[in-house]
Amino acid sequence: MMAADENTSCESCGMPMNSAEDHAPGHPESTWCRLCSKPDGALQDFDERFERMVQWQTQRTGQPRAEAEEATRAYMRTMPAWQGHPRLVP
């Protein structure tokens, strides 16, 4: 297992995780971040994570929702936590 203080990125969203606090709550060795996890440290389900990432994309870029959804799907296809997910099959 990697040390919690190593510079890693979330396998769900790509956020840098530079400290134990950036990892899923109570799981400093987790491969996903506190934003992608449920309170118990488990990975959020696809629909919840997708919706939050779409909202972030629209706020960040001002894209219309449909464009933000497609950009989010394309990005999530590159993330280890979501590769092969049936909702991301092109």
# chains A, B, ... in the order shown; residues from 1 in each chain; ligands from 1
>>> select_by_dssp(residues="chain A", states="strand (DSSP E or B)", output="PyMOL selection string")
chain A and resi 8-9+16-17+23+33+37+43
>>> residues_around(residues="Asp22 of chain A", least_positions_apart="6", cutoff="10 Å", atoms="only C-alpha atoms", output="PyMOL selection string")
chain A and resi 4-5+8-10+15-16+28+30+32-35
>>> atom_distance(atom1="atom CA of Tyr75 of chain A", atom2="atom CA of Glu29 of chain A")
23.5 Å
>>> atom_distance(atom1="atom CA of Gly14 of chain A", atom2="atom CA of Asp47 of chain A")
17.3 Å
>>> residues_around(residues="Gln57 of chain A", least_positions_apart="3", cutoff="12 Å", atoms="only C-alpha atoms", output="PDB file with all heavy atoms, in the first residue's frame")
ATOM      1  N   CYS A  13     -11.895  10.885  -9.935  1.00  0.00           N
ATOM      2  CA  CYS A  13     -12.034  12.231 -10.516  1.00  0.00           C
ATOM      3  C   CYS A  13     -10.722  12.884 -10.928  1.00  0.00           C
ATOM      4  O   CYS A  13     -10.726  13.890 -11.625  1.00  0.00           O
ATOM      5  CB  CYS A  13     -12.781  13.152  -9.560  1.00  0.00           C
ATOM      6  SG  CYS A  13     -11.810  13.688  -8.124  1.00  0.00           S
ATOM      7  N   PHE A  50     -21.347  11.114 -11.341  1.00  0.00           N
ATOM      8  CA  PHE A  50     -21.535  11.729 -12.647  1.00  0.00           C
ATOM      9  C   PHE A  50     -22.226  13.082 -12.498  1.00  0.00           C
ATOM     10  O   PHE A  50     -21.781  14.080 -13.073  1.00  0.00           O
ATOM     11  CB  PHE A  50     -22.357  10.798 -13.547  1.00  0.00           C
ATOM     12  CG  PHE A  50     -22.634  11.364 -14.910  1.00  0.00           C
ATOM     13  CD1 PHE A  50     -21.633  11.425 -15.869  1.00  0.00           C
ATOM     14  CD2 PHE A  50     -23.903  11.834 -15.233  1.00  0.00           C
ATOM     15  CE1 PHE A  50     -21.885  11.948 -17.129  1.00  0.00           C
ATOM     16  CE2 PHE A  50     -24.162  12.347 -16.494  1.00  0.00           C
ATOM     17  CZ  PHE A  50     -23.160  12.411 -17.445  1.00  0.00           C
ATOM     18  N   GLU A  51     -23.297  13.139 -11.729  1.00  0.00           N
ATOM     19  CA  GLU A  51     -24.037  14.393 -11.560  1.00  0.00           C
ATOM     20  C   GLU A  51     -23.155  15.477 -10.947  1.00  0.00           C
ATOM     21  O   GLU A  51     -23.156  16.617 -11.407  1.00  0.00           O
ATOM     22  CB  GLU A  51     -25.285  14.167 -10.696  1.00  0.00           C
ATOM     23  CG  GLU A  51     -26.118  15.416 -10.496  1.00  0.00           C
ATOM     24  CD  GLU A  51     -26.620  16.050 -11.786  1.00  0.00           C
ATOM     25  OE1 GLU A  51     -26.904  15.333 -12.764  1.00  0.00           O
ATOM     26  OE2 GLU A  51     -26.729  17.297 -11.823  1.00  0.00           O
ATOM     27  N   ARG A  52     -22.389  15.141  -9.950  1.00  0.00           N
ATOM     28  CA  ARG A  52     -21.520  16.141  -9.315  1.00  0.00           C
ATOM     29  C   ARG A  52     -20.427  16.609 -10.262  1.00  0.00           C
ATOM     30  O   ARG A  52     -20.070  17.781 -10.279  1.00  0.00           O
ATOM     31  CB  ARG A  52     -20.935  15.587  -8.027  1.00  0.00           C
ATOM     32  CG  ARG A  52     -22.000  15.449  -6.957  1.00  0.00           C
ATOM     33  CD  ARG A  52     -21.442  14.928  -5.673  1.00  0.00           C
ATOM     34  NE  ARG A  52     -22.530  14.765  -4.726  1.00  0.00           N
ATOM     35  CZ  ARG A  52     -22.364  14.737  -3.427  1.00  0.00           C
ATOM     36  NH1 ARG A  52     -21.164  14.870  -2.913  1.00  0.00           N
ATOM     37  NH2 ARG A  52     -23.392  14.569  -2.636  1.00  0.00           N
ATOM     38  N   MET A  53     -19.907  15.699 -11.060  1.00  0.00           N
ATOM     39  CA  MET A  53     -18.864  16.091 -12.015  1.00  0.00           C
ATOM     40  C   MET A  53     -19.443  16.938 -13.147  1.00  0.00           C
ATOM     41  O   MET A  53     -18.798  17.881 -13.610  1.00  0.00           O
ATOM     42  CB  MET A  53     -18.140  14.851 -12.537  1.00  0.00           C
ATOM     43  CG  MET A  53     -17.272  14.200 -11.467  1.00  0.00           C
ATOM     44  SD  MET A  53     -16.504  12.651 -11.970  1.00  0.00           S
ATOM     45  CE  MET A  53     -15.163  13.253 -12.988  1.00  0.00           C
ATOM     46  N   VAL A  54     -20.668  16.653 -13.567  1.00  0.00           N
ATOM     47  CA  VAL A  54     -21.323  17.482 -14.584  1.00  0.00           C
ATOM     48  C   VAL A  54     -21.555  18.891 -14.020  1.00  0.00           C
ATOM     49  O   VAL A  54     -21.300  19.891 -14.698  1.00  0.00           O
ATOM     50  CB  VAL A  54     -22.649  16.855 -15.065  1.00  0.00           C
ATOM     51  CG1 VAL A  54     -23.467  17.841 -15.893  1.00  0.00           C
ATOM     52  CG2 VAL A  54     -22.375  15.595 -15.870  1.00  0.00           C
ATOM     53  N   ARG A  60     -17.468  25.390 -14.083  1.00  0.00           N
ATOM     54  CA  ARG A  60     -16.102  25.725 -14.472  1.00  0.00           C
ATOM     55  C   ARG A  60     -16.029  26.302 -15.883  1.00  0.00           C
ATOM     56  O   ARG A  60     -15.285  27.238 -16.137  1.00  0.00           O
ATOM     57  CB  ARG A  60     -15.231  24.470 -14.375  1.00  0.00           C
ATOM     58  CG  ARG A  60     -13.752  24.687 -14.584  1.00  0.00           C
ATOM     59  CD  ARG A  60     -12.982  23.396 -14.387  1.00  0.00           C
ATOM     60  NE  ARG A  60     -13.257  22.397 -15.388  1.00  0.00           N
ATOM     61  CZ  ARG A  60     -12.661  22.329 -16.583  1.00  0.00           C
ATOM     62  NH1 ARG A  60     -11.758  23.211 -16.915  1.00  0.00           N
ATOM     63  NH2 ARG A  60     -12.976  21.376 -17.435  1.00  0.00           N
ATOM     64  N   THR A  61     -16.824  25.751 -16.805  1.00  0.00           N
ATOM     65  CA  THR A  61     -16.688  26.135 -18.213  1.00  0.00           C
ATOM     66  C   THR A  61     -17.853  26.944 -18.758  1.00  0.00           C
ATOM     67  O   THR A  61     -17.724  27.558 -19.813  1.00  0.00           O
ATOM     68  CB  THR A  61     -16.564  24.882 -19.102  1.00  0.00           C
ATOM     69  OG1 THR A  61     -17.788  24.153 -19.056  1.00  0.00           O
ATOM     70  CG2 THR A  61     -15.395  24.008 -18.671  1.00  0.00           C
ATOM     71  N   GLY A  62     -19.006  26.883 -18.086  1.00  0.00           N
ATOM     72  CA  GLY A  62     -20.189  27.549 -18.607  1.00  0.00           C
ATOM     73  C   GLY A  62     -20.841  26.808 -19.763  1.00  0.00           C
ATOM     74  O   GLY A  62     -21.711  27.343 -20.441  1.00  0.00           O
ATOM     75  N   GLN A  63     -20.424  25.569 -19.998  1.00  0.00           N
ATOM     76  CA  GLN A  63     -20.991  24.773 -21.090  1.00  0.00           C
ATOM     77  C   GLN A  63     -22.468  24.486 -20.837  1.00  0.00           C
ATOM     78  O   GLN A  63     -22.880  24.336 -19.696  1.00  0.00           O
ATOM     79  CB  GLN A  63     -20.279  23.417 -21.196  1.00  0.00           C
ATOM     80  CG  GLN A  63     -18.886  23.462 -21.721  1.00  0.00           C
ATOM     81  CD  GLN A  63     -18.261  22.066 -21.705  1.00  0.00           C
ATOM     82  OE1 GLN A  63     -18.361  21.336 -20.731  1.00  0.00           O
ATOM     83  NE2 GLN A  63     -17.581  21.719 -22.788  1.00  0.00           N
ATOM     84  N   PRO A  64     -23.233  24.349 -21.917  1.00  0.00           N
ATOM     85  CA  PRO A  64     -24.600  23.841 -21.756  1.00  0.00           C
ATOM     86  C   PRO A  64     -24.540  22.433 -21.164  1.00  0.00           C
ATOM     87  O   PRO A  64     -23.553  21.720 -21.333  1.00  0.00           O
ATOM     88  CB  PRO A  64     -25.147  23.805 -23.182  1.00  0.00           C
ATOM     89  CG  PRO A  64     -24.269  24.721 -23.972  1.00  0.00           C
ATOM     90  CD  PRO A  64     -22.925  24.683 -23.307  1.00  0.00           C
ATOM     91  N   ARG A  65     -25.607  22.028 -20.510  1.00  0.00           N
ATOM     92  CA  ARG A  65     -25.638  20.737 -19.811  1.00  0.00           C
ATOM     93  C   ARG A  65     -25.256  19.568 -20.726  1.00  0.00           C
ATOM     94  O   ARG A  65     -24.465  18.718 -20.328  1.00  0.00           O
ATOM     95  CB  ARG A  65     -27.034  20.507 -19.223  1.00  0.00           C
ATOM     96  CG  ARG A  65     -27.210  19.112 -18.666  1.00  0.00           C
ATOM     97  CD  ARG A  65     -27.459  19.089 -17.241  1.00  0.00           C
ATOM     98  NE  ARG A  65     -27.456  17.690 -16.793  1.00  0.00           N
ATOM     99  CZ  ARG A  65     -27.111  17.324 -15.595  1.00  0.00           C
ATOM    100  NH1 ARG A  65     -26.744  18.230 -14.724  1.00  0.00           N
ATOM    101  NH2 ARG A  65     -27.129  16.067 -15.244  1.00  0.00           N
ATOM    102  N   ALA A  66     -25.814  19.501 -21.932  1.00  0.00           N
ATOM    103  CA  ALA A  66     -25.528  18.376 -22.827  1.00  0.00           C
ATOM    104  C   ALA A  66     -24.043  18.284 -23.146  1.00  0.00           C
ATOM    105  O   ALA A  66     -23.468  17.186 -23.161  1.00  0.00           O
ATOM    106  CB  ALA A  66     -26.343  18.485 -24.112  1.00  0.00           C
ATOM    107  N   GLU A  67     -23.398  19.405 -23.381  1.00  0.00           N
ATOM    108  CA  GLU A  67     -21.956  19.403 -23.663  1.00  0.00           C
ATOM    109  C   GLU A  67     -21.173  18.994 -22.423  1.00  0.00           C
ATOM    110  O   GLU A  67     -20.187  18.251 -22.518  1.00  0.00           O
ATOM    111  CB  GLU A  67     -21.500  20.781 -24.128  1.00  0.00           C
ATOM    112  CG  GLU A  67     -21.958  21.145 -25.518  1.00  0.00           C
ATOM    113  CD  GLU A  67     -21.495  22.541 -25.928  1.00  0.00           C
ATOM    114  OE1 GLU A  67     -20.488  23.045 -25.386  1.00  0.00           O
ATOM    115  OE2 GLU A  67     -22.168  23.120 -26.793  1.00  0.00           O
ATOM    116  N   ALA A  68     -21.585  19.477 -21.261  1.00  0.00           N
ATOM    117  CA  ALA A  68     -20.907  19.122 -20.015  1.00  0.00           C
ATOM    118  C   ALA A  68     -21.047  17.627 -19.726  1.00  0.00           C
ATOM    119  O   ALA A  68     -20.106  16.994 -19.257  1.00  0.00           O
ATOM    120  CB  ALA A  68     -21.461  19.940 -18.854  1.00  0.00           C
ATOM    121  N   GLU A  69     -22.211  17.066 -20.032  1.00  0.00           N
ATOM    122  CA  GLU A  69     -22.392  15.626 -19.832  1.00  0.00           C
ATOM    123  C   GLU A  69     -21.454  14.829 -20.734  1.00  0.00           C
ATOM    124  O   GLU A  69     -20.835  13.867 -20.288  1.00  0.00           O
ATOM    125  CB  GLU A  69     -23.845  15.226 -20.101  1.00  0.00           C
ATOM    126  CG  GLU A  69     -24.788  15.631 -19.007  1.00  0.00           C
ATOM    127  CD  GLU A  69     -26.215  15.193 -19.264  1.00  0.00           C
ATOM    128  OE1 GLU A  69     -26.484  14.508 -20.279  1.00  0.00           O
ATOM    129  OE2 GLU A  69     -27.075  15.528 -18.428  1.00  0.00           O
ATOM    130  N   GLU A  70     -21.353  15.207 -21.986  1.00  0.00           N
ATOM    131  CA  GLU A  70     -20.475  14.480 -22.904  1.00  0.00           C
ATOM    132  C   GLU A  70     -19.015  14.624 -22.493  1.00  0.00           C
ATOM    133  O   GLU A  70     -18.250  13.650 -22.523  1.00  0.00           O
ATOM    134  CB  GLU A  70     -20.678  14.930 -24.348  1.00  0.00           C
ATOM    135  CG  GLU A  70     -19.926  14.057 -25.336  1.00  0.00           C
ATOM    136  CD  GLU A  70     -20.129  12.554 -25.147  1.00  0.00           C
ATOM    137  OE1 GLU A  70     -21.268  12.089 -24.917  1.00  0.00           O
ATOM    138  OE2 GLU A  70     -19.123  11.811 -25.211  1.00  0.00           O
ATOM    139  N   ALA A  71     -18.609  15.828 -22.094  1.00  0.00           N
ATOM    140  CA  ALA A  71     -17.231  16.043 -21.638  1.00  0.00           C
ATOM    141  C   ALA A  71     -16.947  15.217 -20.386  1.00  0.00           C
ATOM    142  O   ALA A  71     -15.861  14.635 -20.241  1.00  0.00           O
ATOM    143  CB  ALA A  71     -16.990  17.529 -21.371  1.00  0.00           C
ATOM    144  N   THR A  72     -17.917  15.147 -19.497  1.00  0.00           N
ATOM    145  CA  THR A  72     -17.752  14.368 -18.270  1.00  0.00           C
ATOM    146  C   THR A  72     -17.641  12.881 -18.589  1.00  0.00           C
ATOM    147  O   THR A  72     -16.783  12.185 -18.037  1.00  0.00           O
ATOM    148  CB  THR A  72     -18.907  14.642 -17.298  1.00  0.00           C
ATOM    149  OG1 THR A  72     -18.903  16.037 -16.962  1.00  0.00           O
ATOM    150  CG2 THR A  72     -18.782  13.805 -16.030  1.00  0.00           C
ATOM    151  N   ARG A  73     -18.486  12.386 -19.481  1.00  0.00           N
ATOM    152  CA  ARG A  73     -18.388  10.968 -19.879  1.00  0.00           C
ATOM    153  C   ARG A  73     -17.012  10.673 -20.468  1.00  0.00           C
ATOM    154  O   ARG A  73     -16.390   9.658 -20.146  1.00  0.00           O
ATOM    155  CB  ARG A  73     -19.470  10.627 -20.896  1.00  0.00           C
ATOM    156  CG  ARG A  73     -20.807  10.341 -20.304  1.00  0.00           C
ATOM    157  CD  ARG A  73     -21.782   9.816 -21.363  1.00  0.00           C
ATOM    158  NE  ARG A  73     -23.135  10.075 -20.932  1.00  0.00           N
ATOM    159  CZ  ARG A  73     -23.831  11.185 -21.211  1.00  0.00           C
ATOM    160  NH1 ARG A  73     -23.329  12.130 -21.956  1.00  0.00           N
ATOM    161  NH2 ARG A  73     -25.049  11.313 -20.744  1.00  0.00           N
ATOM    162  N   TYR A  75     -14.206  12.214 -19.956  1.00  0.00           N
ATOM    163  CA  TYR A  75     -13.198  12.255 -18.895  1.00  0.00           C
ATOM    164  C   TYR A  75     -13.281  11.010 -18.017  1.00  0.00           C
ATOM    165  O   TYR A  75     -12.260  10.386 -17.710  1.00  0.00           O
ATOM    166  CB  TYR A  75     -13.371  13.522 -18.057  1.00  0.00           C
ATOM    167  CG  TYR A  75     -12.312  13.643 -16.991  1.00  0.00           C
ATOM    168  CD1 TYR A  75     -11.008  13.995 -17.330  1.00  0.00           C
ATOM    169  CD2 TYR A  75     -12.592  13.370 -15.668  1.00  0.00           C
ATOM    170  CE1 TYR A  75     -10.019  14.085 -16.365  1.00  0.00           C
ATOM    171  CE2 TYR A  75     -11.613  13.460 -14.696  1.00  0.00           C
ATOM    172  CZ  TYR A  75     -10.331  13.820 -15.058  1.00  0.00           C
ATOM    173  OH  TYR A  75      -9.358  13.902 -14.098  1.00  0.00           O
TER     174      TYR A  75
END
